[in-house]
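Text of my_file_20.pdb (PDB, C-alpha atoms) as supplied:
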ATOM      1  CA  MET A  17     -24.572  21.325 -20.377
ATOM      2  CA  ARG A  18     -25.226  17.817 -21.719
ATOM      3  CA  ASP A  19     -28.514  16.019 -21.161
ATOM      4  CA  PRO A  20     -28.685  15.499 -17.347
ATOM      5  CA  TYR A  21     -29.937  11.935 -17.730
ATOM      6  CA  SER A  22     -26.886  11.095 -19.854
ATOM      7  CA  VAL A  23     -24.555  12.797 -17.364
ATOM      8  CA  LEU A  24     -25.897  10.609 -14.527
ATOM      9  CA  GLY A  25     -26.078   7.522 -16.742
ATOM     10  CA  VAL A  26     -29.786   6.847 -16.152
ATOM     11  CA  SER A  27     -32.789   6.559 -18.432
ATOM     12  CA  LYS A  28     -35.605   9.115 -18.555
ATOM     13  CA  SER A  29     -37.885   6.555 -16.930
ATOM     14  CA  ALA A  30     -35.572   6.022 -13.922
ATOM     15  CA  ASN A  31     -37.195   6.410 -10.510
ATOM     16  CA  GLU A  32     -35.995   8.780  -7.776
ATOM     17  CA  ARG A  33     -34.104   6.057  -5.915
ATOM     18  CA  ASP A  34     -32.120   5.022  -9.021
ATOM     19  CA  ILE A  35     -31.270   8.647  -9.813
ATOM     20  CA  LYS A  36     -30.118   9.321  -6.273
ATOM     21  CA  SER A  37     -28.041   6.123  -6.252
ATOM     22  CA  ALA A  38     -26.360   7.074  -9.555
ATOM     23  CA  PHE A  39     -25.560  10.536  -8.243
ATOM     24  CA  ARG A  40     -24.034   9.190  -5.009
ATOM     25  CA  LYS A  41     -21.826   6.782  -6.955
ATOM     26  CA  LEU A  42     -20.564   9.443  -9.379
ATOM     27  CA  ALA A  43     -20.069  12.037  -6.608
ATOM     28  CA  LYS A  44     -17.809   9.645  -4.733
ATOM     29  CA  LYS A  45     -15.891   8.784  -7.884
ATOM     30  CA  TYR A  46     -15.263  12.332  -9.129
ATOM     31  CA  HIS A  47     -15.023  14.320  -5.897
ATOM     32  CA  PRO A  48     -11.876  16.543  -6.147
ATOM     33  CA  ASP A  49     -10.521  15.169  -2.867
ATOM     34  CA  GLN A  50     -10.402  11.736  -4.438
ATOM     35  CA  ASN A  51      -8.825  12.980  -7.697
ATOM     36  CA  LYS A  52      -6.180  15.505  -6.686
ATOM     37  CA  ASN A  53      -4.023  14.715  -9.737
ATOM     38  CA  ASP A  54      -6.897  14.936 -12.232
ATOM     39  CA  PRO A  55      -7.488  18.571 -13.332
ATOM     40  CA  LYS A  56     -10.791  17.632 -14.966
ATOM     41  CA  ALA A  57     -12.265  16.074 -11.811
ATOM     42  CA  GLN A  58     -13.674  19.372 -10.496
ATOM     43  CA  GLU A  59     -15.275  20.153 -13.865
ATOM     44  CA  LYS A  60     -16.830  16.688 -14.024
ATOM     45  CA  PHE A  61     -17.975  16.939 -10.401
ATOM     46  CA  ALA A  62     -19.698  20.275 -11.092
ATOM     47  CA  GLU A  63     -21.444  18.787 -14.142
ATOM     48  CA  ILE A  64     -22.744  15.890 -12.017
ATOM     49  CA  ASN A  65     -24.034  18.345  -9.395
ATOM     50  CA  GLN A  66     -25.810  20.398 -12.020
ATOM     51  CA  ALA A  67     -27.407  17.333 -13.596
ATOM     52  CA  TYR A  68     -28.769  16.158 -10.260
ATOM     53  CA  GLU A  69     -30.135  19.632  -9.516
ATOM     54  CA  ILE A  70     -32.404  19.121 -12.542
ATOM     55  CA  VAL A  71     -33.499  15.477 -12.452
ATOM     56  CA  GLY A  72     -33.134  15.039  -8.692
ATOM     57  CA  ASP A  73     -35.778  17.728  -8.087
ATOM     58  CA  LYS A  74     -39.319  16.551  -8.905
ATOM     59  CA  GLU A  75     -40.568  19.961 -10.021
ATOM     60  CA  LYS A  76     -37.507  20.808 -12.154
ATOM     61  CA  ARG A  77     -37.457  17.318 -13.660
ATOM     62  CA  GLY A  78     -41.066  17.757 -14.757
ATOM     63  CA  LYS A  79     -40.286  21.140 -16.317
ATOM     64  CA  PHE A  80     -37.260  19.705 -18.116
ATOM     65  CA  ASP A  81     -39.224  16.727 -19.449
ATOM     66  CA  ARG A  82     -41.932  19.110 -20.715
ATOM     67  CA  GLY A  83     -39.315  21.319 -22.374
ATOM     68  CA  GLU A  84     -40.008  24.298 -20.109
ATOM     69  CA  ILE A  85     -36.379  24.528 -18.897
ATOM     70  CA  ASP A  86     -33.092  23.495 -20.479
ATOM     71  CA  ALA A  87     -30.274  21.345 -19.087
ATOM     72  CA  ASP A  88     -28.850  24.368 -17.251
ATOM     73  CA  GLY A  89     -32.148  24.946 -15.441
ATOM     74  CA  LYS A  90     -32.980  28.054 -17.476
ATOM     75  CA  GLU A  91     -36.499  28.593 -18.697
ATOM     76  CA  ARG A  92     -36.978  28.318 -22.418
ATOM     77  CA  PHE A  93     -38.658  31.202 -24.288
ATOM     78  CA  GLN A  94     -42.300  30.214 -24.734
ATOM     79  CA  GLY A  95     -43.337  32.918 -27.201
ATOM     80  CA  PHE A  96     -45.646  35.924 -26.713
ATOM     81  CA  GLY A  97     -49.130  35.688 -25.286
ATOM     82  CA  GLY A  98     -51.477  36.925 -22.593
ATOM     83  CA  GLY A  99     -52.113  40.573 -21.775
ATOM     84  CA  HIS A 100     -48.490  41.538 -21.225
ATOM     85  CA  PRO A 101     -46.654  42.881 -24.299
ATOM     86  CA  PHE A 102     -44.014  40.200 -23.774
ATOM     87  CA  GLY A 103     -46.422  37.377 -22.947
ATOM     88  CA  GLY A 104     -46.873  35.352 -19.749
ATOM     89  CA  GLY A 105     -44.512  32.506 -20.432
ATOM     90  CA  GLY A 106     -41.528  33.997 -18.566
ATOM     91  CA  GLY A 107     -40.457  33.804 -14.946
ATOM     92  CA  SER A 108     -42.218  35.014 -11.811
ATOM     93  CA  SER A 109     -41.463  38.662 -12.649
ATOM     94  CA  GLY A 110     -43.118  38.380 -16.049
ATOM     95  CA  SER A 111     -39.848  38.518 -17.983
ATOM     96  CA  PRO A 112     -39.748  36.313 -21.068
ATOM     97  CA  PHE A 113     -36.380  35.091 -19.907
ATOM     98  CA  GLY A 114     -37.483  33.811 -16.494
ATOM     99  CA  ASN A 115     -35.473  33.952 -13.244
ATOM    100  CA  GLN A 116     -33.975  30.929 -11.555
ATOM    101  CA  SER A 117     -33.091  31.835  -7.950
ATOM    102  CA  GLY A 118     -29.915  30.235  -6.763
ATOM    103  CA  GLY A 119     -28.509  29.298 -10.170
ATOM    104  CA  PRO A 120     -28.379  25.863 -11.805
ATOM    105  CA  PHE A 121     -26.853  24.224  -8.732
ATOM    106  CA  GLY A 122     -29.307  25.617  -6.239
ATOM    107  CA  GLY A 123     -28.038  23.783  -3.112
ATOM    108  CA  GLY A 124     -30.922  21.836  -1.576
ATOM    109  CA  ALA A 125     -30.968  18.091  -2.176
ATOM    110  CA  THR A 126     -27.564  18.062  -3.854
ATOM    111  CA  GLU A 127     -25.855  19.614  -0.850
ATOM    112  CA  ASP A 128     -27.726  17.307   1.559
ATOM    113  CA  ILE A 129     -26.517  14.210  -0.259
ATOM    114  CA  LEU A 130     -22.924  15.450  -0.543
ATOM    115  CA  ASN A 131     -22.847  16.287   3.157
ATOM    116  CA  GLU A 132     -24.229  12.806   3.824
ATOM    117  CA  ILE A 133     -21.431  11.252   1.738
ATOM    118  CA  PHE A 134     -18.470  13.424   2.747
ATOM    119  CA  GLY A 135     -19.664  15.053   5.971
ATOM    120  CA  ASN A 136     -19.958  18.783   6.559
ATOM    121  CA  MET A 137     -16.660  19.809   5.023
ATOM    122  CA  GLY A 138     -16.665  23.382   6.262
ATOM    123  CA  GLY A 139     -17.891  26.094   3.933
ATOM    124  CA  GLY A 140     -19.960  23.766   1.702
ATOM    125  CA  ALA A 141     -17.936  20.910   0.225
ATOM    126  CA  GLY A 142     -21.008  19.840  -1.692
ATOM    127  CA  ARG A 143     -22.207  23.309  -2.674
ATOM    128  CA  ALA A 144     -21.550  24.388  -6.239
ATOM    129  CA  ARG A 145     -22.059  28.095  -6.807
ATOM    130  CA  GLY A 146     -24.345  29.148  -9.663
ATOM    131  CA  ARG A 147     -23.924  32.285 -11.717
ATOM    132  CA  SER A 148     -25.225  35.387  -9.988
ATOM    133  CA  GLY A 149     -28.937  36.070 -10.294
ATOM    134  CA  GLY A 150     -29.712  32.954 -12.319
ATOM    135  CA  ASN A 151     -29.224  34.837 -15.622
ATOM    136  CA  PRO A 152     -30.292  32.532 -18.496
ATOM    137  CA  PHE A 153     -27.249  33.456 -20.567
ATOM    138  CA  SER A 154     -24.472  30.922 -19.991
ATOM    139  CA  ASP A 155     -21.717  33.553 -20.152
ATOM    140  CA  GLY A 156     -23.306  35.643 -17.383
ATOM    141  CA  ALA A 157     -23.940  38.687 -19.648
ATOM    142  CA  ASP A 158     -26.784  41.162 -19.046
ATOM    143  CA  PRO A 159     -29.315  40.694 -21.934
ATOM    144  CA  PHE A 160     -29.821  44.484 -22.064
ATOM    145  CA  GLY A 161     -26.167  45.375 -22.560
ATOM    146  CA  GLY A 162     -25.030  45.649 -18.934
ATOM    147  CA  ALA A 163     -21.573  44.658 -17.690
ATOM    148  CA  GLN A 164     -20.721  41.020 -17.403
ATOM    149  CA  GLN A 165     -21.003  39.724 -13.837
ATOM    150  CA  ARG A 166     -19.560  36.586 -12.336
ATOM    151  CA  ALA A 167     -19.825  35.216  -8.823
ATOM    152  CA  ARG A 168     -16.610  35.607  -6.828
ATOM    153  CA  PRO A 169     -15.104  32.231  -5.880
ATOM    154  CA  GLN A 170     -15.825  31.337  -2.270
ATOM    155  CA  LYS A 171     -12.872  30.413  -0.056
ATOM    156  CA  GLY A 172     -13.174  27.247   1.979
ATOM    157  CA  GLN A 173     -12.883  27.059   5.741
ATOM    158  CA  ASP A 174      -9.454  26.865   7.382
ATOM    159  CA  ALA A 175      -8.545  23.488   8.897
ATOM    160  CA  GLU A 176      -6.875  23.474  12.309
ATOM    161  CA  ALA A 177      -4.484  20.774  13.538
ATOM    162  CA  LYS A 178      -1.761  20.265  16.150
ATOM    163  CA  LEU A 179       1.700  18.823  15.578
ATOM    164  CA  SER A 180       3.684  17.578  18.574
ATOM    165  CA  VAL A 181       7.445  17.653  18.028
ATOM    166  CA  THR A 182      10.535  16.736  20.045
ATOM    167  CA  LEU A 183      13.693  18.795  20.422
ATOM    168  CA  GLU A 184      15.324  16.331  18.024
ATOM    169  CA  ASP A 185      12.667  17.205  15.413
ATOM    170  CA  LEU A 186      13.642  20.886  15.630
ATOM    171  CA  VAL A 187      17.137  20.147  14.280
ATOM    172  CA  SER A 188      16.186  17.354  11.906
ATOM    173  CA  GLU A 189      15.653  17.797   8.166
ATOM    174  CA  GLU A 190      13.095  14.985   8.092
ATOM    175  CA  LYS A 191       9.443  15.870   7.511
ATOM    176  CA  ARG A 192       6.717  15.208  10.053
ATOM    177  CA  ARG A 193       3.281  13.874   9.148
ATOM    178  CA  VAL A 194       0.239  16.016   9.932
ATOM    179  CA  HIS A 195      -3.326  14.660   9.910
ATOM    180  CA  LEU A 196      -5.895  17.345   9.040
ATOM    181  CA  PRO A 197      -9.630  17.272   9.867
ATOM    182  CA  THR A 198     -10.307  17.384   6.116
ATOM    183  CA  GLY A 199      -9.008  13.821   5.888
ATOM    184  CA  LYS A 200      -5.814  14.947   4.186
ATOM    185  CA  THR A 201      -2.390  13.842   5.392
ATOM    186  CA  LEU A 202       0.529  16.220   4.836
ATOM    187  CA  ASP A 203       4.260  15.800   5.315
ATOM    188  CA  MET A 204       5.767  19.076   6.536
ATOM    189  CA  ARG A 205       9.255  20.117   7.586
ATOM    190  CA  VAL A 206       9.351  21.816  10.989
ATOM    191  CA  PRO A 207      10.397  25.460  10.366
ATOM    192  CA  LYS A 208      13.696  26.590  11.852
ATOM    193  CA  GLY A 209      13.324  28.701  14.971
ATOM    194  CA  VAL A 210       9.691  27.706  15.590
ATOM    195  CA  LYS A 211       8.386  28.377  19.098
ATOM    196  CA  ASP A 212       6.099  26.333  21.313
ATOM    197  CA  GLY A 213       2.472  27.303  20.554
ATOM    198  CA  GLN A 214       3.321  28.969  17.237
ATOM    199  CA  THR A 215       0.856  28.415  14.381
ATOM    200  CA  ILE A 216       2.082  27.631  10.877
ATOM    201  CA  ARG A 217      -0.205  28.540   7.945
ATOM    202  CA  MET A 218      -0.144  26.202   4.937
ATOM    203  CA  LYS A 219      -1.858  27.882   1.983
ATOM    204  CA  GLY A 220      -4.609  26.027   0.157
ATOM    205  CA  GLN A 221      -4.548  22.919   2.373
ATOM    206  CA  GLY A 222      -7.842  23.542   4.211
ATOM    207  CA  PHE A 223     -11.429  22.646   3.398
ATOM    208  CA  GLU A 224     -12.352  22.882  -0.274
ATOM    209  CA  THR A 225     -15.401  24.172  -2.103
ATOM    210  CA  VAL A 226     -16.423  22.774  -5.448
ATOM    211  CA  ASN A 227     -16.040  25.958  -7.510
ATOM    212  CA  GLY A 228     -14.096  28.044  -5.015
ATOM    213  CA  GLN A 229     -10.706  28.411  -3.369
ATOM    214  CA  ALA A 230      -9.517  26.008  -0.680
ATOM    215  CA  GLY A 231      -8.957  27.401   2.802
ATOM    216  CA  ASP A 232      -5.652  27.124   4.635
ATOM    217  CA  ALA A 233      -4.329  24.609   7.140
ATOM    218  CA  LEU A 234      -3.386  26.132  10.512
ATOM    219  CA  VAL A 235      -0.918  23.825  12.258
ATOM    220  CA  THR A 236      -0.072  24.685  15.882
ATOM    221  CA  ILE A 237       3.317  23.437  17.075
ATOM    222  CA  GLU A 238       3.624  21.790  20.482
ATOM    223  CA  ILE A 239       7.218  21.217  21.627
ATOM    224  CA  LEU A 240       7.314  18.236  23.961
ATOM    225  CA  PRO A 241       9.417  18.333  27.145
ATOM    226  CA  HIS A 242      12.648  16.311  27.003
ATOM    227  CA  ARG A 243      13.746  13.863  29.683
ATOM    228  CA  LEU A 244      17.417  14.926  29.435
ATOM    229  CA  PHE A 245      17.638  18.441  28.027
ATOM    230  CA  LYS A 246      16.374  21.719  29.489
ATOM    231  CA  VAL A 247      15.716  24.532  27.019
ATOM    232  CA  GLU A 248      17.280  27.945  27.713
ATOM    233  CA  GLU A 249      16.389  30.110  24.691
ATOM    234  CA  LEU A 250      18.520  28.648  21.875
ATOM    235  CA  ASN A 251      20.824  26.823  24.307
ATOM    236  CA  ILE A 252      19.994  23.487  25.877
ATOM    237  CA  ARG A 253      21.420  22.202  29.154
ATOM    238  CA  LEU A 254      22.352  18.633  30.044
ATOM    239  CA  GLU A 255      23.070  17.583  33.625
ATOM    240  CA  LEU A 256      25.965  15.102  33.584
ATOM    241  CA  PRO A 257      26.300  12.799  36.619
ATOM    242  CA  LEU A 258      29.992  12.196  37.591
ATOM    243  CA  THR A 259      31.629   9.920  40.086
ATOM    244  CA  LEU A 260      33.911  11.507  42.630
ATOM    245  CA  TYR A 261      36.970   9.971  40.996
ATOM    246  CA  GLU A 262      35.908  11.144  37.501
ATOM    247  CA  ALA A 263      35.573  14.670  38.847
ATOM    248  CA  VAL A 264      38.933  14.505  40.644
ATOM    249  CA  LEU A 265      40.966  12.653  38.041
ATOM    250  CA  GLY A 266      39.232  13.700  34.857
ATOM    251  CA  ALA A 267      37.689  11.351  32.263
ATOM    252  CA  ARG A 268      36.403  10.924  28.703
ATOM    253  CA  ILE A 269      32.659  10.354  28.664
ATOM    254  CA  ARG A 270      30.137   9.867  25.845
ATOM    255  CA  VAL A 271      27.243  12.296  26.247
ATOM    256  CA  PRO A 272      23.965  12.516  24.279
ATOM    257  CA  THR A 273      23.169  15.414  21.954
ATOM    258  CA  LEU A 274      20.135  16.124  19.756
ATOM    259  CA  GLU A 275      21.894  14.347  16.886
ATOM    260  CA  GLY A 276      23.548  11.401  18.604
ATOM    261  CA  LYS A 277      26.307  10.850  21.154
ATOM    262  CA  VAL A 278      29.679  12.568  21.213
ATOM    263  CA  GLU A 279      32.728  12.079  23.435
ATOM    264  CA  VAL A 280      33.738  14.935  25.746
ATOM    265  CA  ARG A 281      36.788  15.326  27.962
ATOM    266  CA  ILE A 282      36.064  16.062  31.601
ATOM    267  CA  PRO A 283      39.028  18.015  32.998
ATOM    268  CA  ALA A 284      40.584  16.922  36.296
ATOM    269  CA  GLY A 285      39.149  18.748  39.293
ATOM    270  CA  MET A 286      35.695  19.338  37.736
ATOM    271  CA  SER A 287      33.427  20.765  40.423
ATOM    272  CA  SER A 288      29.708  20.115  40.594
ATOM    273  CA  GLY A 289      27.765  22.883  38.827
ATOM    274  CA  LYS A 290      30.519  23.795  36.374
ATOM    275  CA  SER A 291      29.675  23.471  32.684
ATOM    276  CA  LEU A 292      31.328  22.545  29.429
ATOM    277  CA  ARG A 293      30.047  24.293  26.285
ATOM    278  CA  LEU A 294      29.572  22.321  23.065
ATOM    279  CA  LYS A 295      29.245  24.963  20.336
ATOM    280  CA  GLY A 296      26.467  24.649  17.788
ATOM    281  CA  LYS A 297      24.733  21.716  19.470
ATOM    282  CA  GLY A 298      21.701  23.681  20.646
ATOM    283  CA  LEU A 299      18.488  24.788  18.903
ATOM    284  CA  PRO A 300      18.367  26.739  15.607
ATOM    285  CA  ASP A 301      17.032  30.254  15.084
ATOM    286  CA  ARG A 302      15.043  31.278  11.993
ATOM    287  CA  ASN A 303      18.264  31.588   9.980
ATOM    288  CA  GLY A 304      19.499  28.143  11.009
ATOM    289  CA  THR A 305      22.190  29.452  13.401
ATOM    290  CA  ARG A 306      22.279  27.163  16.401
ATOM    291  CA  GLY A 307      22.810  27.727  20.103
ATOM    292  CA  ASP A 308      25.049  25.599  22.330
ATOM    293  CA  LEU A 309      24.772  22.512  24.490
ATOM    294  CA  LEU A 310      25.806  23.213  28.099
ATOM    295  CA  VAL A 311      27.016  20.078  29.883
ATOM    296  CA  THR A 312      26.820  20.697  33.643
ATOM    297  CA  ALA A 313      28.658  18.430  36.100
ATOM    298  CA  LYS A 314      26.775  16.835  38.966
ATOM    299  CA  ILE A 315      29.013  14.822  41.323
ATOM    300  CA  MET A 316      27.338  11.709  42.679
ATOM    301  CA  LEU A 317      28.543   9.830  45.764
ATOM    302  CA  PRO A 318      28.126   6.057  45.983
ATOM    303  CA  GLU A 319      24.802   4.962  47.359
ATOM    304  CA  GLY A 320      24.876   3.529  50.870
ATOM    305  CA  GLY A 321      28.185   5.196  51.715
ATOM    306  CA  ASP A 322      31.708   3.744  51.603
ATOM    307  CA  PRO A 323      33.929   3.164  54.689
ATOM    308  CA  GLY A 324      37.164   3.811  52.783
ATOM    309  CA  LEU A 325      35.850   7.046  51.324
ATOM    310  CA  ARG A 326      34.616   8.145  54.718
ATOM    311  CA  ALA A 327      38.029   7.497  56.296
ATOM    312  CA  LEU A 328      39.739   9.424  53.494
ATOM    313  CA  MET A 329      37.417  12.380  53.935
ATOM    314  CA  GLU A 330      37.961  12.440  57.693
ATOM    315  CA  ASP A 331      41.702  12.552  57.078
ATOM    316  CA  TRP A 332      41.231  15.358  54.535
ATOM    317  CA  GLN A 333      39.095  17.278  56.983
ATOM    318  CA  ASP A 334      41.869  17.185  59.524
ATOM    319  CA  THR A 335      44.897  17.623  57.256
ATOM    320  CA  ARG A 336      43.672  19.408  54.099
ATOM    321  CA  PRO A 337      40.689  21.568  54.991
ATOM    322  CA  TYR A 338      39.459  24.091  52.363
ATOM    323  CA  ARG A 339      36.558  26.554  52.061
ATOM    324  CA  PRO A 340      34.247  26.120  49.039
ATOM    325  CA  ARG A 341      31.911  28.934  50.199
ATOM    326  CA  GLY A 342      32.471  32.659  50.298
ATOM    327  CA  PRO A 343      31.945  35.096  53.194
ATOM    328  CA  GLU A 344      28.279  35.549  52.280
ATOM    329  CA  PHE A 345      27.649  32.119  53.827
ATOM    330  CA  ASN A 346      29.278  33.048  57.190
TER     331      ASN A 346
END
Mind turning the file's structure into structure tokens?
Amino acid sequence: MRDPYSVLGVSKSANERDIKSAFRKLAKKYHPDQNKNDPKAQEKFAEINQAYEIVGDKEKRGKFDRGEIDADGKERFQGFGGGHPFGGGGGSSGSPFGNQSGGPFGGGATEDILNEIFGNMGGGAGRARGRSGGNPFSDGADPFGGAQQRARPQKGQDAEAKLSVTLEDLVSEEKRRVHLPTGKTLDMRVPKGVKDGQTIRMKGQGFETVNGQAGDALVTIEILPHRLFKVEELNIRLELPLTLYEAVLGARIRVPTLEGKVEVRIPAGMSSGKSLRLKGKGLPDRNGTRGDLLVTAKIMLPEGGDPGLRALMEDWQDTRPYRPRGPEFN
């Protein structure tokens, strides 16, 4: 660890306000969220945190200035003395090597300032983890020959978000933009076969910790209702209004699909309620195989009635009667 004053860019005579101001400025500049493409940003950010843990704390700063602790916050060996065979210059337990609880980062004022700058970023965005037990050896080794111990990286909190999609989005290859509560913005492709209310997990896109592993992003899909299409599993149904003469004579009509309009041929004598099937124009399953679009005829009479049509129907009723209903309606 370099001299903490040099790391923060302040002189040894700097007051608390100047030190705090320097730390805030550097924390904003080197925070990993602001430097995603800089692999050294996290290392620099941790160094800034550690420096402020020393000179931003009045008691630790005094000890450092008097040479009682080093730049990592570890007590320096003061020699033997007192009634104890190892002297009284060690830590609270009497050890000549001292014991710093919480490690060189400690939490405290550093975390408060980082939370003030970046907000509570779930799981301690401003908390740098020290080595376990505050061991004065920088490599974490036990001075009496024990096994090397290192703190396990802490995983950040998961970030939850909702993505509203249309039926058109479910068949499109274009990515949709997701805004996460971490402040990140992601472009994601809607998975094939996704269901309404399903949650998609995006690894490592959640809240971050300084020396730990980022949490995940949990994106819940909301499929919006469509004004034209009704979903029936993988199939979708479209109700197609027809005039009486289109139904009787047949016609070619442009109908909407999820990917634009296509022309379909309406056969002569198309009854209301009958459907045409357009293969592969429905929704995809997980393998990308798509259902069908069912185009269902709905015969519409002219609004307000028509005298000529009425006269024709009266003639038909008398001369060409037919039964559209079965015996179950008798």
Would you kindly translate the PyMOL selection byres ((chain A and resi 22) around 12) into the concrete residues it picks from this file, as a PDB file with C-alpha atoms, in the frame of the given file?
ATOM      1  CA  MET A  17     -24.572  21.325 -20.377  1.00  0.00           C
ATOM      2  CA  ARG A  18     -25.226  17.817 -21.719  1.00  0.00           C
ATOM      3  CA  ASP A  19     -28.514  16.019 -21.161  1.00  0.00           C
ATOM      4  CA  PRO A  20     -28.685  15.499 -17.347  1.00  0.00           C
ATOM      5  CA  TYR A  21     -29.937  11.935 -17.730  1.00  0.00           C
ATOM      6  CA  VAL A  23     -24.555  12.797 -17.364  1.00  0.00           C
ATOM      7  CA  LEU A  24     -25.897  10.609 -14.527  1.00  0.00           C
ATOM      8  CA  GLY A  25     -26.078   7.522 -16.742  1.00  0.00           C
ATOM      9  CA  VAL A  26     -29.786   6.847 -16.152  1.00  0.00           C
ATOM     10  CA  SER A  27     -32.789   6.559 -18.432  1.00  0.00           C
ATOM     11  CA  LYS A  28     -35.605   9.115 -18.555  1.00  0.00           C
ATOM     12  CA  ALA A  30     -35.572   6.022 -13.922  1.00  0.00           C
ATOM     13  CA  ILE A  35     -31.270   8.647  -9.813  1.00  0.00           C
ATOM     14  CA  ALA A  38     -26.360   7.074  -9.555  1.00  0.00           C
ATOM     15  CA  PHE A  39     -25.560  10.536  -8.243  1.00  0.00           C
ATOM     16  CA  GLU A  63     -21.444  18.787 -14.142  1.00  0.00           C
ATOM     17  CA  ILE A  64     -22.744  15.890 -12.017  1.00  0.00           C
ATOM     18  CA  ALA A  67     -27.407  17.333 -13.596  1.00  0.00           C
ATOM     19  CA  TYR A  68     -28.769  16.158 -10.260  1.00  0.00           C
ATOM     20  CA  VAL A  71     -33.499  15.477 -12.452  1.00  0.00           C
ATOM     21  CA  ALA A  87     -30.274  21.345 -19.087  1.00  0.00           C
TER      22      ALA A  87
END
Using only C-alpha atoms: which of A:His47, A:Lys76, A:Arg192, A:Arg217 has the shortest distance to Arg205 in chain A: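 The closest residue to Arg205 in chain A is A:Arg192.
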Could you check which of A:Pro207, A:Gly199, A:Gly172, A:Pro257 is closest to Gly222 in chain A, using all atoms listed in the file?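 Distance minimum relative to Gly222 in chain A lands on A:Gly172.
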Distance in Å - CA of Pro48 in chain A versus CA of Phe223 in chain A: 11.3 Å
Just so the selection is clear, what residues does the PyMOL selection byres ((chain A and resi 181-185) around 9) cover here, as a PyMOL selection string? chain A and resi 179-180+186-192+206+237-242+245+247+273-275+299
What does the PyMOL selection byres ((chain A and resi 282) around 7) select in this file, as a CSV table (one decimal) with C-alpha atoms, in the coordinates of the input?
chain,number,residue,atom,x,y,z
A,266,GLY,CA,39.2,13.7,34.9
A,267,ALA,CA,37.7,11.4,32.3
A,268,ARG,CA,36.4,10.9,28.7
A,280,VAL,CA,33.7,14.9,25.7
A,281,ARG,CA,36.8,15.3,28.0
A,283,PRO,CA,39.0,18.0,33.0
A,284,ALA,CA,40.6,16.9,36.3
A,286,MET,CA,35.7,19.3,37.7
Contacts of Met316 in chain A at 9 Å or less, counting all atoms listed in the file, minus same-chain residues fewer than 2 places along, as a short mmCIF file (atom, residue, chain, number, x, y, z; two decimals) with C-alpha atoms, in the coordinates of the input?
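Result went into selection06.cif, see below:
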data_model
loop_
_atom_site.label_atom_id
_atom_site.label_comp_id
_atom_site.auth_asym_id
_atom_site.auth_seq_id
_atom_site.Cartn_x
_atom_site.Cartn_y
_atom_site.Cartn_z
CA PRO A 257 26.30 12.80 36.62
CA LEU A 258 29.99 12.20 37.59
CA THR A 259 31.63 9.92 40.09
CA LEU A 260 33.91 11.51 42.63
CA SER A 288 29.71 20.11 40.59
CA LYS A 314 26.78 16.84 38.97
CA PRO A 318 28.13 6.06 45.98
CA GLU A 319 24.80 4.96 47.36
#
Distance CA of Arg270 in chain A-CA of Gly285 in chain A, one decimal place? 18.5 Å
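The two atoms in question, CA of Tyr338 in chain A and CA of Leu292 in chain A, are spaced 24.4 Å apart.
Minimum atom-to-atom distances from A:Gly276, A:Gly209, A:Gly72, A:Gly78 to Arg302 in chain A were compared using only C-alpha atoms, and the lowest value belongs to A:Gly209.
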Applying 8 Å and only C-alpha atoms, which residues near Ala175 in chain A remain after dropping the ones on its own chain fewer than 3 positions away? List them as an MDAnalysis selection string. chainID A and resid 196:198 221:223 231:234
Restricted to C-alpha atoms, what would the selected residues look like written as a PDB file, keeping the file's coordinate frame?
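Result file selection.pdb:
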ATOM      1  CA  LEU A 196      -5.895  17.345   9.040  1.00  0.00           C
ATOM      2  CA  PRO A 197      -9.630  17.272   9.867  1.00  0.00           C
ATOM      3  CA  THR A 198     -10.307  17.384   6.116  1.00  0.00           C
ATOM      4  CA  GLN A 221      -4.548  22.919   2.373  1.00  0.00           C
ATOM      5  CA  GLY A 222      -7.842  23.542   4.211  1.00  0.00           C
ATOM      6  CA  PHE A 223     -11.429  22.646   3.398  1.00  0.00           C
ATOM      7  CA  GLY A 231      -8.957  27.401   2.802  1.00  0.00           C
ATOM      8  CA  ASP A 232      -5.652  27.124   4.635  1.00  0.00           C
ATOM      9  CA  ALA A 233      -4.329  24.609   7.140  1.00  0.00           C
ATOM     10  CA  LEU A 234      -3.386  26.132  10.512  1.00  0.00           C
TER      11      LEU A 234
END
Between A:Asp212, A:Met329, A:Val264, A:Met218, which residue has the minimum interatomic distance to Val194 in chain A, considering all atoms listed in the file? A:Met218
Of the residues A:Leu250, A:Asp54, A:Ser287, A:Gly89, which is the one nearest to Leu265 in chain A, using all atoms listed in the file?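 Among the listed residues, the smallest separation from Leu265 in chain A belongs to A:Ser287.
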Please rebuild range 237-242 of chain A with N, CA and C atoms and return the result as a compact mmCIF listing (two decimals), in the coordinates of the input.
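part-v4.txt, freshly written:
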# COMPACT_ATOMS: atom_id res chain seq x y z
N ILE A 237 2.19 24.26 16.64
CA ILE A 237 3.32 23.44 17.08
C ILE A 237 3.33 23.29 18.59
N GLU A 238 3.45 22.07 19.06
CA GLU A 238 3.62 21.79 20.48
C GLU A 238 4.99 21.12 20.66
N ILE A 239 5.90 21.79 21.38
CA ILE A 239 7.22 21.22 21.63
C ILE A 239 7.16 20.40 22.92
N LEU A 240 7.42 19.14 22.81
CA LEU A 240 7.31 18.24 23.96
C LEU A 240 8.50 18.41 24.90
N PRO A 241 8.29 18.28 26.21
CA PRO A 241 9.42 18.33 27.14
C PRO A 241 10.35 17.14 26.94
N HIS A 242 11.64 17.35 27.22
CA HIS A 242 12.65 16.31 27.00
C HIS A 242 13.10 15.75 28.35
